[in-house]
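Participant: Got target26.cif for you, mmCIF, N, CA and C atoms and all ligand atoms:
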```
data_data
loop_
_atom_site.label_atom_id
_atom_site.label_comp_id
_atom_site.auth_asym_id
_atom_site.auth_seq_id
_atom_site.Cartn_x
_atom_site.Cartn_y
_atom_site.Cartn_z
N MET W 484 0.84 -1.19 0.00
CA MET W 484 0.00 0.00 0.00
C MET W 484 0.88 1.25 0.00
N ILE W 485 0.63 2.12 -0.92
CA ILE W 485 1.32 3.41 -0.94
C ILE W 485 0.29 4.47 -0.54
N VAL W 486 0.68 5.35 0.36
CA VAL W 486 -0.27 6.34 0.87
C VAL W 486 0.26 7.73 0.53
N TYR W 487 -0.65 8.56 0.04
CA TYR W 487 -0.31 9.92 -0.38
C TYR W 487 -1.11 10.94 0.43
N ILE W 488 -0.55 12.11 0.55
CA ILE W 488 -1.29 13.25 1.08
C ILE W 488 -1.46 14.25 -0.06
N ALA W 489 -2.68 14.71 -0.25
CA ALA W 489 -2.98 15.66 -1.32
C ALA W 489 -3.57 16.93 -0.71
N ILE W 490 -3.06 18.07 -1.14
CA ILE W 490 -3.53 19.34 -0.60
C ILE W 490 -4.13 20.17 -1.73
N ASP W 491 -5.40 20.44 -1.60
CA ASP W 491 -6.18 21.13 -2.63
C ASP W 491 -5.90 22.64 -2.56
N ALA W 492 -5.26 23.14 -3.60
CA ALA W 492 -4.90 24.56 -3.61
C ALA W 492 -6.13 25.45 -3.64
N GLY W 493 -7.23 24.94 -4.17
CA GLY W 493 -8.45 25.73 -4.25
C GLY W 493 -9.14 25.90 -2.91
N ARG W 494 -8.84 25.01 -1.99
CA ARG W 494 -9.48 25.06 -0.67
C ARG W 494 -8.61 25.66 0.41
N CYS W 495 -7.29 25.56 0.26
CA CYS W 495 -6.38 26.02 1.32
C CYS W 495 -6.51 27.52 1.52
N MET W 496 -6.81 27.90 2.75
CA MET W 496 -6.98 29.31 3.09
C MET W 496 -5.87 29.84 4.00
N GLY W 497 -4.88 29.00 4.24
CA GLY W 497 -3.73 29.45 5.01
C GLY W 497 -3.95 29.55 6.50
N HIS W 498 -4.80 28.68 7.02
CA HIS W 498 -5.02 28.69 8.48
C HIS W 498 -3.80 28.22 9.26
N GLY W 499 -2.98 27.41 8.61
CA GLY W 499 -1.72 27.00 9.24
C GLY W 499 -1.84 25.93 10.29
N ARG W 500 -2.95 25.26 10.35
CA ARG W 500 -3.09 24.22 11.37
C ARG W 500 -2.42 22.92 10.96
N CYS W 501 -2.37 22.68 9.66
CA CYS W 501 -1.84 21.40 9.19
C CYS W 501 -0.36 21.24 9.52
N TYR W 502 0.44 22.23 9.17
CA TYR W 502 1.87 22.06 9.41
C TYR W 502 2.23 22.18 10.89
N ALA W 503 1.32 22.73 11.68
CA ALA W 503 1.57 22.79 13.13
C ALA W 503 1.50 21.40 13.76
N VAL W 504 0.69 20.52 13.18
CA VAL W 504 0.56 19.17 13.74
C VAL W 504 1.31 18.12 12.91
N ALA W 505 1.92 18.53 11.81
CA ALA W 505 2.65 17.59 10.95
C ALA W 505 3.98 18.23 10.52
N GLU W 506 4.77 18.58 11.50
CA GLU W 506 5.96 19.37 11.20
C GLU W 506 7.06 18.57 10.49
N ASP W 507 6.96 17.25 10.51
CA ASP W 507 7.94 16.44 9.78
C ASP W 507 7.53 16.22 8.33
N LEU W 508 6.33 16.62 8.01
CA LEU W 508 5.78 16.32 6.68
C LEU W 508 5.48 17.60 5.89
N LEU W 509 4.99 18.61 6.58
CA LEU W 509 4.54 19.84 5.92
C LEU W 509 5.29 21.05 6.49
N SER W 510 5.31 22.11 5.71
CA SER W 510 5.96 23.34 6.18
C SER W 510 5.15 24.53 5.67
N ASP W 511 5.50 25.70 6.16
CA ASP W 511 4.75 26.90 5.78
C ASP W 511 5.53 27.71 4.75
N ASP W 512 4.79 28.47 3.96
CA ASP W 512 5.46 29.40 3.06
C ASP W 512 5.49 30.78 3.71
N GLU W 513 5.98 31.76 3.01
CA GLU W 513 6.18 33.07 3.64
C GLU W 513 4.86 33.80 3.93
N GLN W 514 3.75 33.29 3.35
CA GLN W 514 2.45 33.93 3.60
C GLN W 514 1.58 33.13 4.56
N GLY W 515 2.12 32.06 5.13
CA GLY W 515 1.38 31.28 6.12
C GLY W 515 0.58 30.13 5.54
N TYR W 516 0.63 29.98 4.22
CA TYR W 516 -0.01 28.83 3.60
C TYR W 516 0.92 27.64 3.72
N VAL W 517 0.33 26.45 3.59
CA VAL W 517 1.19 25.27 3.60
C VAL W 517 2.01 25.28 2.29
N ALA W 518 3.31 25.09 2.43
CA ALA W 518 4.21 25.20 1.27
C ALA W 518 3.92 24.13 0.23
N GLN W 519 3.30 23.02 0.65
CA GLN W 519 3.01 21.92 -0.27
C GLN W 519 1.62 22.05 -0.90
N CYS W 520 1.03 23.22 -0.81
CA CYS W 520 -0.30 23.49 -1.37
C CYS W 520 -0.35 23.10 -2.85
N GLY W 521 -1.37 22.35 -3.23
CA GLY W 521 -1.52 21.95 -4.62
C GLY W 521 -0.75 20.71 -5.00
N GLN W 522 -0.03 20.14 -4.05
CA GLN W 522 0.80 18.97 -4.36
C GLN W 522 0.17 17.68 -3.82
N THR W 523 0.58 16.59 -4.41
CA THR W 523 0.28 15.26 -3.89
C THR W 523 1.62 14.58 -3.61
N LEU W 524 1.81 14.20 -2.36
CA LEU W 524 3.11 13.68 -1.93
C LEU W 524 2.95 12.30 -1.33
N GLN W 525 3.92 11.44 -1.61
CA GLN W 525 3.93 10.14 -0.94
C GLN W 525 4.33 10.36 0.52
N ILE W 526 3.59 9.73 1.41
CA ILE W 526 3.86 9.89 2.84
C ILE W 526 4.97 8.91 3.24
N PRO W 527 6.07 9.42 3.77
CA PRO W 527 7.15 8.53 4.20
C PRO W 527 6.68 7.63 5.33
N GLU W 528 7.33 6.47 5.43
CA GLU W 528 6.99 5.54 6.50
C GLU W 528 7.09 6.21 7.86
N GLY W 529 6.14 5.95 8.70
CA GLY W 529 6.16 6.49 10.05
C GLY W 529 5.46 7.83 10.19
N LEU W 530 5.08 8.44 9.09
CA LEU W 530 4.45 9.77 9.16
C LEU W 530 2.97 9.76 8.83
N LEU W 531 2.38 8.58 8.71
CA LEU W 531 0.96 8.52 8.39
C LEU W 531 0.12 9.15 9.49
N GLY W 532 0.53 8.98 10.73
CA GLY W 532 -0.21 9.58 11.84
C GLY W 532 -0.23 11.10 11.73
N GLN W 533 0.90 11.68 11.41
CA GLN W 533 0.95 13.14 11.23
C GLN W 533 0.08 13.57 10.06
N ALA W 534 0.10 12.79 9.00
CA ALA W 534 -0.72 13.13 7.83
C ALA W 534 -2.20 13.12 8.19
N ARG W 535 -2.61 12.12 8.92
CA ARG W 535 -4.02 12.05 9.33
C ARG W 535 -4.37 13.20 10.28
N ASP W 536 -3.45 13.52 11.17
CA ASP W 536 -3.68 14.66 12.08
C ASP W 536 -3.84 15.95 11.28
N ALA W 537 -3.02 16.12 10.25
CA ALA W 537 -3.10 17.32 9.42
C ALA W 537 -4.45 17.40 8.72
N ALA W 538 -4.89 16.27 8.18
CA ALA W 538 -6.19 16.25 7.49
C ALA W 538 -7.31 16.59 8.47
N ASP W 539 -7.23 16.03 9.68
CA ASP W 539 -8.26 16.30 10.68
C ASP W 539 -8.23 17.76 11.14
N ALA W 540 -7.04 18.36 11.13
CA ALA W 540 -6.89 19.72 11.65
C ALA W 540 -7.33 20.80 10.67
N CYS W 541 -7.40 20.47 9.40
CA CYS W 541 -7.69 21.51 8.40
C CYS W 541 -9.18 21.86 8.40
N PRO W 542 -9.53 23.08 8.74
CA PRO W 542 -10.94 23.46 8.80
C PRO W 542 -11.59 23.60 7.42
N GLU W 543 -10.79 23.62 6.38
CA GLU W 543 -11.33 23.76 5.02
C GLU W 543 -11.50 22.41 4.32
N GLY W 544 -11.09 21.34 4.96
CA GLY W 544 -11.17 20.04 4.30
C GLY W 544 -10.29 19.96 3.07
N ALA W 545 -9.17 20.67 3.10
CA ALA W 545 -8.30 20.75 1.92
C ALA W 545 -7.36 19.56 1.79
N ILE W 546 -7.25 18.77 2.86
CA ILE W 546 -6.24 17.70 2.86
C ILE W 546 -6.91 16.35 2.76
N SER W 547 -6.46 15.57 1.79
CA SER W 547 -6.98 14.22 1.60
C SER W 547 -5.85 13.21 1.77
N ILE W 548 -6.18 12.06 2.30
CA ILE W 548 -5.25 10.94 2.39
C ILE W 548 -5.71 9.91 1.36
N LEU W 549 -4.82 9.55 0.46
CA LEU W 549 -5.16 8.65 -0.64
C LEU W 549 -4.34 7.38 -0.51
N GLU W 550 -5.00 6.26 -0.62
CA GLU W 550 -4.30 4.98 -0.51
C GLU W 550 -4.38 4.26 -1.84
N HIS W 551 -3.24 3.76 -2.28
CA HIS W 551 -3.18 3.01 -3.53
C HIS W 551 -2.50 1.67 -3.27
N ALA W 552 -3.14 0.63 -3.74
CA ALA W 552 -2.51 -0.68 -3.64
C ALA W 552 -1.31 -0.71 -4.59
N ARG W 553 -0.24 -1.32 -4.17
CA ARG W 553 0.95 -1.44 -5.02
C ARG W 553 0.67 -2.45 -6.12
N ALA W 554 1.10 -2.13 -7.33
CA ALA W 554 0.88 -3.03 -8.45
C ALA W 554 1.63 -4.35 -8.27
N ASP W 555 2.74 -4.30 -7.54
CA ASP W 555 3.55 -5.51 -7.40
C ASP W 555 3.27 -6.24 -6.09
N ALA W 556 2.26 -5.81 -5.36
CA ALA W 556 1.99 -6.42 -4.05
C ALA W 556 1.05 -7.61 -4.21
S1 LIG W 601 -4.80 23.84 7.67
FE1 LIG W 601 -5.81 23.62 5.66
S2 LIG W 601 -6.30 25.68 5.04
FE2 LIG W 601 -4.74 25.81 6.64
S3 LIG W 601 -2.74 25.89 5.60
FE3 LIG W 601 -3.21 23.76 6.07
S4 LIG W 601 -4.23 22.97 4.19
FE4 LIG W 601 -4.30 25.20 4.14
#
```
Show how you would write the structure in this file as structure tokens.
Facilitator:
Amino acid sequence: MIVYIAIDAGRCMGHGRCYAVAEDLLSDDEQGYVAQCGQTLQIPEGLLGQARDAADACPEGAISILEHARADA
């Protein structure tokens, strides 16, 4: 299973709650938005909890956790 975090640039309003609870995964830009806005990133091993916390913390529902079965699994 490969797990991704996706951040919807159309929804992100720069509340800054996501990177506060997922500091190993996300960071802020100079305007307070999450620097990974608009990106889909593979979640490194061990950081799924932070990713889920970030998704739960976002008041705009901008963060999605996507799971994909590995083709070779
Ligand atoms: S908490 Fe949500 S709205 Fe705020 S910066 Fe993070 S993704 Fe954007």
Participant: Kindly provide, as a PyMOL selection string, all nucleotide and amino acid residues lying within 7 Å of ligand LIG 601 (chain W), counting all atoms listed in the file.
Facilitator: chain W and resi 490-491+494-502+515-518+520+537+540-546
Participant: Restricting the calculation to only N, CA and C atoms, which member of W:Asp507, W:Glu513, W:Ile548, W:Ala534 is positioned closest to Ala489 of chain W?
Facilitator: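 Under the stated criterion, the closest residue is W:Ile548.
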Participant: So which residues of segment 484-524 of chain W fall under strand (DSSP E) by DSSP, listed as a PyMOL selection string?
Facilitator: chain W and resi 485-490+523-524
Participant: What is the atom N of Gly521 of chain W-atom CA of Ala554 of chain W distance in Å, reported with one decimal?
Facilitator: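 According to the coordinates, atom N of Gly521 of chain W and atom CA of Ala554 of chain W are separated by 26.0 Å.
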Participant: Could you jot down the atom CA of Val504 of chain W to atom C of Glu550 of chain W separation for me, Å, one decimal place?
Facilitator: 22.1 Å
Participant: From chain W, collect each residue whose DSSP state is alpha helix (DSSP H) and return the set as a list in words.
Facilitator: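 So, restricting chain W to alpha helix (DSSP H), we get Arg500, Cys501, Tyr502, Ala503, Val504, Leu531, Gly532, Gln533, Ala534, Arg535, Asp536, Ala537, Ala538, Asp539 and Ala540 of chain W.
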